[in-house]
Amino acid sequence: DSEYNTWAYSACSAAAMTVVINAYTHKNYRVTDILKVETQVHEITPDAGLLQNQGIGVTVAKFGFASTYLNFPTLDTVEQIGNQGHPVIVNFPPDRWPGGHILVVRGGDSNNVYLADSSALNMQVMARATFMKYWGGFGVVVFPK
């Protein structure tokens with residue numbers, strides 16, 4: 001309860017990394033496992049969430065993963081990477097989404113973006129136009145070294 005009360009609204013980066021790491025390794029990491037490392041490397045706080053985008057790469061490296069930051073990718077590029085089996089961690093910044101949010105793009109098509117989302121909304125499919133309204137343009141691909 002204490003951990004939940006502390007981190008419930010700021011651990012979406014840890015949740016996104018958990019989804020990706022588990023997808024590749026078929027392990028059963030929990031958000032708390034990733035969050036522990038993310039806090040140890042000083043890349044997250046309960047009040048601010050993820051402190052900088054590079055914190056994802058720093059954190060996943062501790063689990064034997066590498067990361068490639070996409071330089072202002074198009075949505076088509078992000079979807080293509082996801083459709084090829086490489087999930088992309090993306091952001092909905094606070095100026096576009098209340099409190100900000102980090103989630104995973106699994107792929108997409110001409111109408112929809114397919115997501116993995118840790119929030120209570122559990123968004124799995126979002127219309128492209130809606131996604132573009134919220135997306136801040138950030139994308140990072142996380143993959144085993």
# chains A, B, ... in the order shown; residues from 1 in each chain; ligands from 1
call {"tool": "residues_around", "arguments": {"residues": "Ile56 in chain A", "least_positions_apart": "5", "cutoff": "12 Å", "atoms": "only C-alpha atoms", "output": "PDB file with all heavy atoms, in the first residue's frame"}}
result
ATOM      1  N   ALA A  11       4.784   6.326 -11.860  1.00  0.00           N
ATOM      2  CA  ALA A  11       5.613   5.174 -12.225  1.00  0.00           C
ATOM      3  C   ALA A  11       5.313   4.622 -13.618  1.00  0.00           C
ATOM      4  O   ALA A  11       5.670   3.489 -13.932  1.00  0.00           O
ATOM      5  CB  ALA A  11       5.451   4.074 -11.185  1.00  0.00           C
ATOM      6  N   CYS A  12       4.700   5.420 -14.478  1.00  0.00           N
ATOM      7  CA  CYS A  12       4.363   4.905 -15.809  1.00  0.00           C
ATOM      8  C   CYS A  12       5.616   4.592 -16.630  1.00  0.00           C
ATOM      9  O   CYS A  12       5.592   3.678 -17.464  1.00  0.00           O
ATOM     10  CB  CYS A  12       3.412   5.827 -16.555  1.00  0.00           C
ATOM     11  SG  CYS A  12       3.947   7.538 -16.667  1.00  0.00           S
ATOM     12  N   SER A  13       6.722   5.301 -16.390  1.00  0.00           N
ATOM     13  CA  SER A  13       7.950   4.953 -17.113  1.00  0.00           C
ATOM     14  C   SER A  13       8.422   3.564 -16.692  1.00  0.00           C
ATOM     15  O   SER A  13       8.813   2.747 -17.535  1.00  0.00           O
ATOM     16  CB  SER A  13       9.049   5.994 -16.874  1.00  0.00           C
ATOM     17  OG  SER A  13       9.379   6.095 -15.496  1.00  0.00           O
ATOM     18  N   ALA A  14       8.380   3.276 -15.405  1.00  0.00           N
ATOM     19  CA  ALA A  14       8.763   1.947 -14.919  1.00  0.00           C
ATOM     20  C   ALA A  14       7.820   0.885 -15.481  1.00  0.00           C
ATOM     21  O   ALA A  14       8.266  -0.207 -15.867  1.00  0.00           O
ATOM     22  CB  ALA A  14       8.761   1.910 -13.391  1.00  0.00           C
ATOM     23  N   ALA A  15       6.544   1.194 -15.557  1.00  0.00           N
ATOM     24  CA  ALA A  15       5.578   0.239 -16.103  1.00  0.00           C
ATOM     25  C   ALA A  15       5.847  -0.026 -17.582  1.00  0.00           C
ATOM     26  O   ALA A  15       5.801  -1.183 -18.028  1.00  0.00           O
ATOM     27  CB  ALA A  15       4.158   0.753 -15.894  1.00  0.00           C
ATOM     28  N   ALA A  16       6.148   1.017 -18.339  1.00  0.00           N
ATOM     29  CA  ALA A  16       6.435   0.843 -19.765  1.00  0.00           C
ATOM     30  C   ALA A  16       7.693  -0.010 -19.959  1.00  0.00           C
ATOM     31  O   ALA A  16       7.713  -0.911 -20.805  1.00  0.00           O
ATOM     32  CB  ALA A  16       6.594   2.203 -20.440  1.00  0.00           C
ATOM     33  N   MET A  17       8.723   0.263 -19.175  1.00  0.00           N
ATOM     34  CA  MET A  17       9.942  -0.538 -19.282  1.00  0.00           C
ATOM     35  C   MET A  17       9.689  -1.983 -18.885  1.00  0.00           C
ATOM     36  O   MET A  17      10.229  -2.910 -19.497  1.00  0.00           O
ATOM     37  CB  MET A  17      11.052   0.071 -18.426  1.00  0.00           C
ATOM     38  CG  MET A  17      11.606   1.369 -18.992  1.00  0.00           C
ATOM     39  SD  MET A  17      12.979   2.036 -18.018  1.00  0.00           S
ATOM     40  CE  MET A  17      12.094   2.974 -16.768  1.00  0.00           C
ATOM     41  N   THR A  18       8.846  -2.204 -17.885  1.00  0.00           N
ATOM     42  CA  THR A  18       8.514  -3.553 -17.446  1.00  0.00           C
ATOM     43  C   THR A  18       7.861  -4.333 -18.578  1.00  0.00           C
ATOM     44  O   THR A  18       8.220  -5.490 -18.843  1.00  0.00           O
ATOM     45  CB  THR A  18       7.579  -3.515 -16.224  1.00  0.00           C
ATOM     46  OG1 THR A  18       8.207  -2.783 -15.169  1.00  0.00           O
ATOM     47  CG2 THR A  18       7.236  -4.914 -15.730  1.00  0.00           C
ATOM     48  N   VAL A  20       8.123  -3.886 -21.808  1.00  0.00           N
ATOM     49  CA  VAL A  20       9.069  -4.167 -22.889  1.00  0.00           C
ATOM     50  C   VAL A  20      10.079  -5.236 -22.471  1.00  0.00           C
ATOM     51  O   VAL A  20      10.330  -6.195 -23.211  1.00  0.00           O
ATOM     52  CB  VAL A  20       9.777  -2.877 -23.348  1.00  0.00           C
ATOM     53  CG1 VAL A  20      10.880  -3.186 -24.354  1.00  0.00           C
ATOM     54  CG2 VAL A  20       8.763  -1.895 -23.939  1.00  0.00           C
ATOM     55  N   ILE A  21      10.664  -5.089 -21.294  1.00  0.00           N
ATOM     56  CA  ILE A  21      11.654  -6.068 -20.826  1.00  0.00           C
ATOM     57  C   ILE A  21      11.026  -7.456 -20.715  1.00  0.00           C
ATOM     58  O   ILE A  21      11.604  -8.450 -21.158  1.00  0.00           O
ATOM     59  CB  ILE A  21      12.283  -5.610 -19.497  1.00  0.00           C
ATOM     60  CG1 ILE A  21      13.177  -4.388 -19.745  1.00  0.00           C
ATOM     61  CG2 ILE A  21      13.067  -6.736 -18.835  1.00  0.00           C
ATOM     62  CD1 ILE A  21      13.668  -3.702 -18.477  1.00  0.00           C
ATOM     63  N   ILE A  34      11.516  -2.799 -11.579  1.00  0.00           N
ATOM     64  CA  ILE A  34      12.097  -1.781 -12.455  1.00  0.00           C
ATOM     65  C   ILE A  34      12.165  -0.453 -11.711  1.00  0.00           C
ATOM     66  O   ILE A  34      13.159   0.276 -11.793  1.00  0.00           O
ATOM     67  CB  ILE A  34      11.279  -1.648 -13.756  1.00  0.00           C
ATOM     68  CG1 ILE A  34      11.055  -3.001 -14.427  1.00  0.00           C
ATOM     69  CG2 ILE A  34      11.928  -0.644 -14.696  1.00  0.00           C
ATOM     70  CD1 ILE A  34      12.268  -3.807 -14.775  1.00  0.00           C
ATOM     71  N   LEU A  35      11.120  -0.137 -10.971  1.00  0.00           N
ATOM     72  CA  LEU A  35      11.067   1.107 -10.203  1.00  0.00           C
ATOM     73  C   LEU A  35      12.210   1.192  -9.197  1.00  0.00           C
ATOM     74  O   LEU A  35      12.806   2.256  -9.002  1.00  0.00           O
ATOM     75  CB  LEU A  35       9.715   1.226  -9.500  1.00  0.00           C
ATOM     76  CG  LEU A  35       9.446   2.489  -8.712  1.00  0.00           C
ATOM     77  CD1 LEU A  35       9.530   3.726  -9.591  1.00  0.00           C
ATOM     78  CD2 LEU A  35       8.075   2.405  -8.055  1.00  0.00           C
ATOM     79  N   VAL A  37      15.202  -0.028  -9.434  1.00  0.00           N
ATOM     80  CA  VAL A  37      16.434   0.343 -10.153  1.00  0.00           C
ATOM     81  C   VAL A  37      16.340   1.785 -10.646  1.00  0.00           C
ATOM     82  O   VAL A  37      17.307   2.554 -10.537  1.00  0.00           O
ATOM     83  CB  VAL A  37      16.687  -0.634 -11.319  1.00  0.00           C
ATOM     84  CG1 VAL A  37      17.832  -0.155 -12.206  1.00  0.00           C
ATOM     85  CG2 VAL A  37      16.965  -2.031 -10.776  1.00  0.00           C
ATOM     86  N   GLU A  38      15.206   2.173 -11.167  1.00  0.00           N
ATOM     87  CA  GLU A  38      15.024   3.541 -11.674  1.00  0.00           C
ATOM     88  C   GLU A  38      15.260   4.570 -10.568  1.00  0.00           C
ATOM     89  O   GLU A  38      15.846   5.626 -10.816  1.00  0.00           O
ATOM     90  CB  GLU A  38      13.620   3.677 -12.273  1.00  0.00           C
ATOM     91  CG  GLU A  38      13.427   4.881 -13.139  1.00  0.00           C
ATOM     92  CD  GLU A  38      12.066   4.924 -13.808  1.00  0.00           C
ATOM     93  OE1 GLU A  38      11.138   4.178 -13.393  1.00  0.00           O
ATOM     94  OE2 GLU A  38      11.912   5.730 -14.731  1.00  0.00           O
ATOM     95  N   THR A  39      14.846   4.252  -9.350  1.00  0.00           N
ATOM     96  CA  THR A  39      15.104   5.171  -8.232  1.00  0.00           C
ATOM     97  C   THR A  39      16.575   5.125  -7.814  1.00  0.00           C
ATOM     98  O   THR A  39      17.151   6.157  -7.476  1.00  0.00           O
ATOM     99  CB  THR A  39      14.203   4.871  -7.021  1.00  0.00           C
ATOM    100  OG1 THR A  39      14.371   3.530  -6.612  1.00  0.00           O
ATOM    101  CG2 THR A  39      12.753   5.137  -7.324  1.00  0.00           C
ATOM    102  N   VAL A  41      19.143   4.727  -9.675  1.00  0.00           N
ATOM    103  CA  VAL A  41      19.962   5.503 -10.619  1.00  0.00           C
ATOM    104  C   VAL A  41      19.486   6.956 -10.710  1.00  0.00           C
ATOM    105  O   VAL A  41      19.925   7.707 -11.575  1.00  0.00           O
ATOM    106  CB  VAL A  41      20.023   4.831 -12.016  1.00  0.00           C
ATOM    107  CG1 VAL A  41      20.714   3.484 -11.934  1.00  0.00           C
ATOM    108  CG2 VAL A  41      18.643   4.714 -12.655  1.00  0.00           C
ATOM    109  N   HIS A  42      18.580   7.331  -9.817  1.00  0.00           N
ATOM    110  CA  HIS A  42      18.114   8.724  -9.666  1.00  0.00           C
ATOM    111  C   HIS A  42      17.493   9.293 -10.942  1.00  0.00           C
ATOM    112  O   HIS A  42      17.748  10.430 -11.320  1.00  0.00           O
ATOM    113  CB  HIS A  42      19.264   9.618  -9.186  1.00  0.00           C
ATOM    114  CG  HIS A  42      19.939   9.087  -7.968  1.00  0.00           C
ATOM    115  ND1 HIS A  42      19.349   9.081  -6.728  1.00  0.00           N
ATOM    116  CD2 HIS A  42      21.155   8.509  -7.810  1.00  0.00           C
ATOM    117  CE1 HIS A  42      20.173   8.529  -5.852  1.00  0.00           C
ATOM    118  NE2 HIS A  42      21.270   8.166  -6.479  1.00  0.00           N
ATOM    119  N   GLU A  43      16.641   8.471 -11.586  1.00  0.00           N
ATOM    120  CA  GLU A  43      15.989   8.909 -12.821  1.00  0.00           C
ATOM    121  C   GLU A  43      14.490   9.152 -12.654  1.00  0.00           C
ATOM    122  O   GLU A  43      13.813   9.466 -13.619  1.00  0.00           O
ATOM    123  CB  GLU A  43      16.232   7.888 -13.939  1.00  0.00           C
ATOM    124  CG  GLU A  43      17.684   7.775 -14.363  1.00  0.00           C
ATOM    125  CD  GLU A  43      18.257   9.035 -15.004  1.00  0.00           C
ATOM    126  OE1 GLU A  43      17.482   9.929 -15.396  1.00  0.00           O
ATOM    127  OE2 GLU A  43      19.497   9.116 -15.114  1.00  0.00           O
ATOM    128  N   ILE A  44      13.983   9.029 -11.416  1.00  0.00           N
ATOM    129  CA  ILE A  44      12.552   9.193 -11.180  1.00  0.00           C
ATOM    130  C   ILE A  44      12.341   9.701  -9.756  1.00  0.00           C
ATOM    131  O   ILE A  44      13.134   9.410  -8.857  1.00  0.00           O
ATOM    132  CB  ILE A  44      11.806   7.849 -11.394  1.00  0.00           C
ATOM    133  CG1 ILE A  44      10.281   8.052 -11.406  1.00  0.00           C
ATOM    134  CG2 ILE A  44      12.241   6.805 -10.381  1.00  0.00           C
ATOM    135  CD1 ILE A  44       9.511   6.818 -11.842  1.00  0.00           C
ATOM    136  N   GLY A  49       7.917  12.080 -11.537  1.00  0.00           N
ATOM    137  CA  GLY A  49       7.976  10.942 -12.458  1.00  0.00           C
ATOM    138  C   GLY A  49       9.354  10.877 -13.087  1.00  0.00           C
ATOM    139  O   GLY A  49      10.359  11.254 -12.468  1.00  0.00           O
ATOM    140  N   LEU A  50       9.420  10.432 -14.332  1.00  0.00           N
ATOM    141  CA  LEU A  50      10.680  10.338 -15.061  1.00  0.00           C
ATOM    142  C   LEU A  50      11.297  11.731 -15.166  1.00  0.00           C
ATOM    143  O   LEU A  50      10.650  12.667 -15.618  1.00  0.00           O
ATOM    144  CB  LEU A  50      10.434   9.757 -16.461  1.00  0.00           C
ATOM    145  CG  LEU A  50      11.660   9.562 -17.344  1.00  0.00           C
ATOM    146  CD1 LEU A  50      12.561   8.457 -16.788  1.00  0.00           C
ATOM    147  CD2 LEU A  50      11.233   9.236 -18.777  1.00  0.00           C
ATOM    148  N   LEU A  51      12.557  11.858 -14.746  1.00  0.00           N
ATOM    149  CA  LEU A  51      13.196  13.174 -14.702  1.00  0.00           C
ATOM    150  C   LEU A  51      13.728  13.626 -16.048  1.00  0.00           C
ATOM    151  O   LEU A  51      13.743  14.825 -16.331  1.00  0.00           O
ATOM    152  CB  LEU A  51      14.317  13.166 -13.660  1.00  0.00           C
ATOM    153  CG  LEU A  51      13.842  12.897 -12.227  1.00  0.00           C
ATOM    154  CD1 LEU A  51      15.034  12.811 -11.294  1.00  0.00           C
ATOM    155  CD2 LEU A  51      12.864  13.983 -11.775  1.00  0.00           C
ATOM    156  N   ALA A  61      19.555  -0.354 -19.125  1.00  0.00           N
ATOM    157  CA  ALA A  61      20.931  -0.878 -19.219  1.00  0.00           C
ATOM    158  C   ALA A  61      21.256  -1.774 -18.030  1.00  0.00           C
ATOM    159  O   ALA A  61      22.007  -2.748 -18.162  1.00  0.00           O
ATOM    160  CB  ALA A  61      21.925   0.272 -19.321  1.00  0.00           C
ATOM    161  N   LYS A  62      20.675  -1.476 -16.879  1.00  0.00           N
ATOM    162  CA  LYS A  62      20.903  -2.282 -15.677  1.00  0.00           C
ATOM    163  C   LYS A  62      20.281  -3.675 -15.798  1.00  0.00           C
ATOM    164  O   LYS A  62      20.593  -4.559 -15.024  1.00  0.00           O
ATOM    165  CB  LYS A  62      20.352  -1.575 -14.434  1.00  0.00           C
ATOM    166  CG  LYS A  62      20.976  -0.222 -14.171  1.00  0.00           C
ATOM    167  CD  LYS A  62      22.425  -0.356 -13.790  1.00  0.00           C
ATOM    168  CE  LYS A  62      23.006   0.998 -13.429  1.00  0.00           C
ATOM    169  NZ  LYS A  62      24.411   0.897 -13.061  1.00  0.00           N
ATOM    170  N   PHE A  63      19.411  -3.864 -16.794  1.00  0.00           N
ATOM    171  CA  PHE A  63      18.772  -5.156 -17.038  1.00  0.00           C
ATOM    172  C   PHE A  63      19.326  -5.830 -18.293  1.00  0.00           C
ATOM    173  O   PHE A  63      18.747  -6.782 -18.803  1.00  0.00           O
ATOM    174  CB  PHE A  63      17.254  -4.979 -17.155  1.00  0.00           C
ATOM    175  CG  PHE A  63      16.608  -4.573 -15.859  1.00  0.00           C
ATOM    176  CD1 PHE A  63      16.503  -3.238 -15.508  1.00  0.00           C
ATOM    177  CD2 PHE A  63      16.139  -5.536 -14.975  1.00  0.00           C
ATOM    178  CE1 PHE A  63      15.925  -2.857 -14.299  1.00  0.00           C
ATOM    179  CE2 PHE A  63      15.560  -5.163 -13.771  1.00  0.00           C
ATOM    180  CZ  PHE A  63      15.459  -3.823 -13.428  1.00  0.00           C
ATOM    181  N   PHE A  65      19.813  -4.314 -21.330  1.00  0.00           N
ATOM    182  CA  PHE A  65      19.161  -3.822 -22.537  1.00  0.00           C
ATOM    183  C   PHE A  65      19.855  -2.567 -23.050  1.00  0.00           C
ATOM    184  O   PHE A  65      20.488  -1.836 -22.294  1.00  0.00           O
ATOM    185  CB  PHE A  65      17.683  -3.503 -22.261  1.00  0.00           C
ATOM    186  CG  PHE A  65      16.810  -4.719 -22.264  1.00  0.00           C
ATOM    187  CD1 PHE A  65      16.867  -5.642 -21.235  1.00  0.00           C
ATOM    188  CD2 PHE A  65      15.947  -4.966 -23.316  1.00  0.00           C
ATOM    189  CE1 PHE A  65      16.087  -6.783 -21.240  1.00  0.00           C
ATOM    190  CE2 PHE A  65      15.156  -6.100 -23.333  1.00  0.00           C
ATOM    191  CZ  PHE A  65      15.222  -7.006 -22.304  1.00  0.00           C
ATOM    192  N   ALA A  66      19.712  -2.345 -24.334  1.00  0.00           N
ATOM    193  CA  ALA A  66      20.198  -1.125 -24.971  1.00  0.00           C
ATOM    194  C   ALA A  66      18.980  -0.302 -25.386  1.00  0.00           C
ATOM    195  O   ALA A  66      17.846  -0.794 -25.364  1.00  0.00           O
ATOM    196  CB  ALA A  66      21.054  -1.467 -26.180  1.00  0.00           C
ATOM    197  N   SER A  67      19.226   0.927 -25.773  1.00  0.00           N
ATOM    198  CA  SER A  67      18.130   1.786 -26.209  1.00  0.00           C
ATOM    199  C   SER A  67      18.590   2.660 -27.363  1.00  0.00           C
ATOM    200  O   SER A  67      19.747   3.048 -27.430  1.00  0.00           O
ATOM    201  CB  SER A  67      17.627   2.647 -25.050  1.00  0.00           C
ATOM    202  OG  SER A  67      18.693   3.380 -24.492  1.00  0.00           O
ATOM    203  N   THR A  68      17.658   2.928 -28.255  1.00  0.00           N
ATOM    204  CA  THR A  68      17.899   3.856 -29.357  1.00  0.00           C
ATOM    205  C   THR A  68      16.819   4.926 -29.286  1.00  0.00           C
ATOM    206  O   THR A  68      15.628   4.620 -29.357  1.00  0.00           O
ATOM    207  CB  THR A  68      17.819   3.133 -30.720  1.00  0.00           C
ATOM    208  OG1 THR A  68      18.837   2.135 -30.768  1.00  0.00           O
ATOM    209  CG2 THR A  68      18.002   4.108 -31.871  1.00  0.00           C
ATOM    210  N   TYR A  69      17.266   6.160 -29.127  1.00  0.00           N
ATOM    211  CA  TYR A  69      16.330   7.282 -29.078  1.00  0.00           C
ATOM    212  C   TYR A  69      16.048   7.745 -30.499  1.00  0.00           C
ATOM    213  O   TYR A  69      16.974   7.970 -31.283  1.00  0.00           O
ATOM    214  CB  TYR A  69      16.903   8.419 -28.231  1.00  0.00           C
ATOM    215  CG  TYR A  69      16.935   8.054 -26.777  1.00  0.00           C
ATOM    216  CD1 TYR A  69      17.999   7.326 -26.244  1.00  0.00           C
ATOM    217  CD2 TYR A  69      15.888   8.389 -25.938  1.00  0.00           C
ATOM    218  CE1 TYR A  69      18.015   6.953 -24.907  1.00  0.00           C
ATOM    219  CE2 TYR A  69      15.890   8.024 -24.606  1.00  0.00           C
ATOM    220  CZ  TYR A  69      16.956   7.309 -24.099  1.00  0.00           C
ATOM    221  OH  TYR A  69      16.967   6.936 -22.788  1.00  0.00           O
ATOM    222  N   VAL A  88       7.910   0.542 -28.931  1.00  0.00           N
ATOM    223  CA  VAL A  88       8.497   1.876 -28.796  1.00  0.00           C
ATOM    224  C   VAL A  88       7.853   2.566 -27.593  1.00  0.00           C
ATOM    225  O   VAL A  88       6.630   2.688 -27.522  1.00  0.00           O
ATOM    226  CB  VAL A  88       8.274   2.724 -30.063  1.00  0.00           C
ATOM    227  CG1 VAL A  88       8.923   4.094 -29.910  1.00  0.00           C
ATOM    228  CG2 VAL A  88       8.811   2.007 -31.302  1.00  0.00           C
ATOM    229  N   ILE A  89       8.680   3.008 -26.663  1.00  0.00           N
ATOM    230  CA  ILE A  89       8.190   3.767 -25.509  1.00  0.00           C
ATOM    231  C   ILE A  89       8.026   5.222 -25.948  1.00  0.00           C
ATOM    232  O   ILE A  89       8.947   5.815 -26.519  1.00  0.00           O
ATOM    233  CB  ILE A  89       9.155   3.633 -24.316  1.00  0.00           C
ATOM    234  CG1 ILE A  89       9.237   2.162 -23.869  1.00  0.00           C
ATOM    235  CG2 ILE A  89       8.703   4.538 -23.158  1.00  0.00           C
ATOM    236  CD1 ILE A  89      10.269   1.886 -22.783  1.00  0.00           C
ATOM    237  N   VAL A  90       6.853   5.781 -25.697  1.00  0.00           N
ATOM    238  CA  VAL A  90       6.518   7.142 -26.119  1.00  0.00           C
ATOM    239  C   VAL A  90       5.981   7.936 -24.925  1.00  0.00           C
ATOM    240  O   VAL A  90       5.661   7.372 -23.885  1.00  0.00           O
ATOM    241  CB  VAL A  90       5.486   7.151 -27.268  1.00  0.00           C
ATOM    242  CG1 VAL A  90       6.036   6.439 -28.508  1.00  0.00           C
ATOM    243  CG2 VAL A  90       4.166   6.542 -26.837  1.00  0.00           C
ATOM    244  N   ASN A  91       5.872   9.244 -25.140  1.00  0.00           N
ATOM    245  CA  ASN A  91       5.359  10.091 -24.066  1.00  0.00           C
ATOM    246  C   ASN A  91       4.134  10.888 -24.487  1.00  0.00           C
ATOM    247  O   ASN A  91       3.960  11.222 -25.650  1.00  0.00           O
ATOM    248  CB  ASN A  91       6.445  11.065 -23.601  1.00  0.00           C
ATOM    249  CG  ASN A  91       6.707  12.163 -24.610  1.00  0.00           C
ATOM    250  OD1 ASN A  91       6.542  12.002 -25.816  1.00  0.00           O
ATOM    251  ND2 ASN A  91       7.148  13.307 -24.134  1.00  0.00           N
ATOM    252  N   ILE A 102       3.553   7.985 -19.898  1.00  0.00           N
ATOM    253  CA  ILE A 102       4.476   7.233 -20.742  1.00  0.00           C
ATOM    254  C   ILE A 102       3.855   5.870 -20.986  1.00  0.00           C
ATOM    255  O   ILE A 102       3.367   5.227 -20.052  1.00  0.00           O
ATOM    256  CB  ILE A 102       5.860   7.114 -20.081  1.00  0.00           C
ATOM    257  CG1 ILE A 102       6.468   8.511 -19.936  1.00  0.00           C
ATOM    258  CG2 ILE A 102       6.782   6.195 -20.883  1.00  0.00           C
ATOM    259  CD1 ILE A 102       7.768   8.550 -19.178  1.00  0.00           C
ATOM    260  N   PHE A 138       8.349  12.102 -28.612  1.00  0.00           N
ATOM    261  CA  PHE A 138       9.441  11.302 -28.063  1.00  0.00           C
ATOM    262  C   PHE A 138       9.223   9.832 -28.353  1.00  0.00           C
ATOM    263  O   PHE A 138       8.101   9.340 -28.285  1.00  0.00           O
ATOM    264  CB  PHE A 138       9.519  11.523 -26.542  1.00  0.00           C
ATOM    265  CG  PHE A 138      10.391  10.537 -25.824  1.00  0.00           C
ATOM    266  CD1 PHE A 138      11.769  10.643 -25.887  1.00  0.00           C
ATOM    267  CD2 PHE A 138       9.847   9.498 -25.087  1.00  0.00           C
ATOM    268  CE1 PHE A 138      12.584   9.732 -25.232  1.00  0.00           C
ATOM    269  CE2 PHE A 138      10.650   8.582 -24.420  1.00  0.00           C
ATOM    270  CZ  PHE A 138      12.029   8.708 -24.501  1.00  0.00           C
ATOM    271  N   GLY A 139      10.302   9.138 -28.672  1.00  0.00           N
ATOM    272  CA  GLY A 139      10.230   7.699 -28.852  1.00  0.00           C
ATOM    273  C   GLY A 139      11.580   7.065 -28.557  1.00  0.00           C
ATOM    274  O   GLY A 139      12.615   7.604 -28.947  1.00  0.00           O
ATOM    275  N   VAL A 140      11.553   5.947 -27.864  1.00  0.00           N
ATOM    276  CA  VAL A 140      12.787   5.191 -27.604  1.00  0.00           C
ATOM    277  C   VAL A 140      12.491   3.711 -27.800  1.00  0.00           C
ATOM    278  O   VAL A 140      11.476   3.213 -27.329  1.00  0.00           O
ATOM    279  CB  VAL A 140      13.374   5.484 -26.209  1.00  0.00           C
ATOM    280  CG1 VAL A 140      12.407   5.129 -25.097  1.00  0.00           C
ATOM    281  CG2 VAL A 140      14.706   4.770 -25.997  1.00  0.00           C
ATOM    282  N   VAL A 141      13.387   3.063 -28.533  1.00  0.00           N
ATOM    283  CA  VAL A 141      13.285   1.624 -28.746  1.00  0.00           C
ATOM    284  C   VAL A 141      14.235   0.960 -27.776  1.00  0.00           C
ATOM    285  O   VAL A 141      15.424   1.305 -27.717  1.00  0.00           O
ATOM    286  CB  VAL A 141      13.652   1.238 -30.202  1.00  0.00           C
ATOM    287  CG1 VAL A 141      13.469  -0.253 -30.425  1.00  0.00           C
ATOM    288  CG2 VAL A 141      12.823   2.046 -31.193  1.00  0.00           C
ATOM    289  N   VAL A 142      13.719   0.019 -27.002  1.00  0.00           N
ATOM    290  CA  VAL A 142      14.503  -0.712 -26.010  1.00  0.00           C
ATOM    291  C   VAL A 142      14.614  -2.153 -26.493  1.00  0.00           C
ATOM    292  O   VAL A 142      13.615  -2.740 -26.897  1.00  0.00           O
ATOM    293  CB  VAL A 142      13.815  -0.647 -24.623  1.00  0.00           C
ATOM    294  CG1 VAL A 142      14.480  -1.571 -23.629  1.00  0.00           C
ATOM    295  CG2 VAL A 142      13.793   0.797 -24.126  1.00  0.00           C
ATOM    296  N   PHE A 143      15.823  -2.699 -26.469  1.00  0.00           N
ATOM    297  CA  PHE A 143      16.028  -4.048 -26.998  1.00  0.00           C
ATOM    298  C   PHE A 143      17.185  -4.718 -26.260  1.00  0.00           C
ATOM    299  O   PHE A 143      18.059  -4.041 -25.706  1.00  0.00           O
ATOM    300  CB  PHE A 143      16.299  -4.010 -28.495  1.00  0.00           C
ATOM    301  CG  PHE A 143      17.372  -3.042 -28.888  1.00  0.00           C
ATOM    302  CD1 PHE A 143      18.688  -3.441 -28.996  1.00  0.00           C
ATOM    303  CD2 PHE A 143      17.071  -1.700 -29.132  1.00  0.00           C
ATOM    304  CE1 PHE A 143      19.684  -2.537 -29.336  1.00  0.00           C
ATOM    305  CE2 PHE A 143      18.059  -0.788 -29.472  1.00  0.00           C
ATOM    306  CZ  PHE A 143      19.380  -1.215 -29.577  1.00  0.00           C
TER     307      PHE A 143
END
call {"tool": "select_by_dssp", "arguments": {"residues": "range 20-58 of chain A", "states": "helix (DSSP H, G or I)", "output": "count of residues only"}}
result
20
call {"tool": "atom_distance", "arguments": {"atom1": "CA of Gly64 in chain A", "atom2": "CA of Tyr114 in chain A"}}
result
26.0 Å
call {"tool": "atom_distance", "arguments": {"atom1": "CA of Leu70 in chain A", "atom2": "CA of His86 in chain A"}}
result
12.8 Å
call {"tool": "closest_residue", "arguments": {"among": "A:Ile81, A:Pro93, A:Thr32, A:Pro87", "to": "Ala116 in chain A", "atoms": "only C-alpha atoms"}}
result
A:Pro87
call {"tool": "residues_around", "arguments": {"residues": "Gly137 in chain A", "least_positions_apart": "4", "cutoff": "9 Å", "atoms": "only C-alpha atoms", "output": "list in words"}}
result
Leu70, Asn71, Phe72, Pro73, Thr74, Leu75, Val90, Asn91, Phe92 and Met132 of chain A
call {"tool": "write_last_selection", "arguments": {"atoms": "C-alpha atoms", "output": "PDB file, in the first residue's frame"}}
result
ATOM      1  CA  LEU A  70      14.378   8.278 -32.144  1.00  0.00           C
ATOM      2  CA  ASN A  71      15.000  11.828 -33.364  1.00  0.00           C
ATOM      3  CA  PHE A  72      11.520  13.327 -33.788  1.00  0.00           C
ATOM      4  CA  PRO A  73      10.135  10.273 -35.578  1.00  0.00           C
ATOM      5  CA  THR A  74       6.949  10.314 -37.573  1.00  0.00           C
ATOM      6  CA  LEU A  75       4.056   8.244 -36.307  1.00  0.00           C
ATOM      7  CA  VAL A  90       6.518   7.142 -26.119  1.00  0.00           C
ATOM      8  CA  ASN A  91       5.359  10.091 -24.066  1.00  0.00           C
ATOM      9  CA  PHE A  92       2.239  12.140 -23.607  1.00  0.00           C
ATOM     10  CA  MET A 132      -1.217  12.764 -32.415  1.00  0.00           C
TER      11      MET A 132
END
call {"tool": "closest_residue", "arguments": {"among": "A:Asp47, A:Met126, A:Arg30, A:Lys133", "to": "Asn5 in chain A", "atoms": "only C-alpha atoms"}}
result
A:Asp47
call {"tool": "select_by_dssp", "arguments": {"residues": "chain A", "states": "strand (DSSP E or B)", "output": "ChimeraX atom specification"}}
result
/A:44-45,49-50,65-70,88-92,101-108,112-116,125-127,139-144
call {"tool": "closest_residue", "arguments": {"among": "A:Asn53, A:Arg106, A:Ala48, A:Ser119", "to": "Ala23 in chain A", "atoms": "only C-alpha atoms"}}
result
A:Arg106
call {"tool": "closest_residue", "arguments": {"among": "A:Thr25, A:Gln84, A:Thr45, A:Thr77", "to": "Ser10 in chain A", "atoms": "only C-alpha atoms"}}
result
A:Thr45
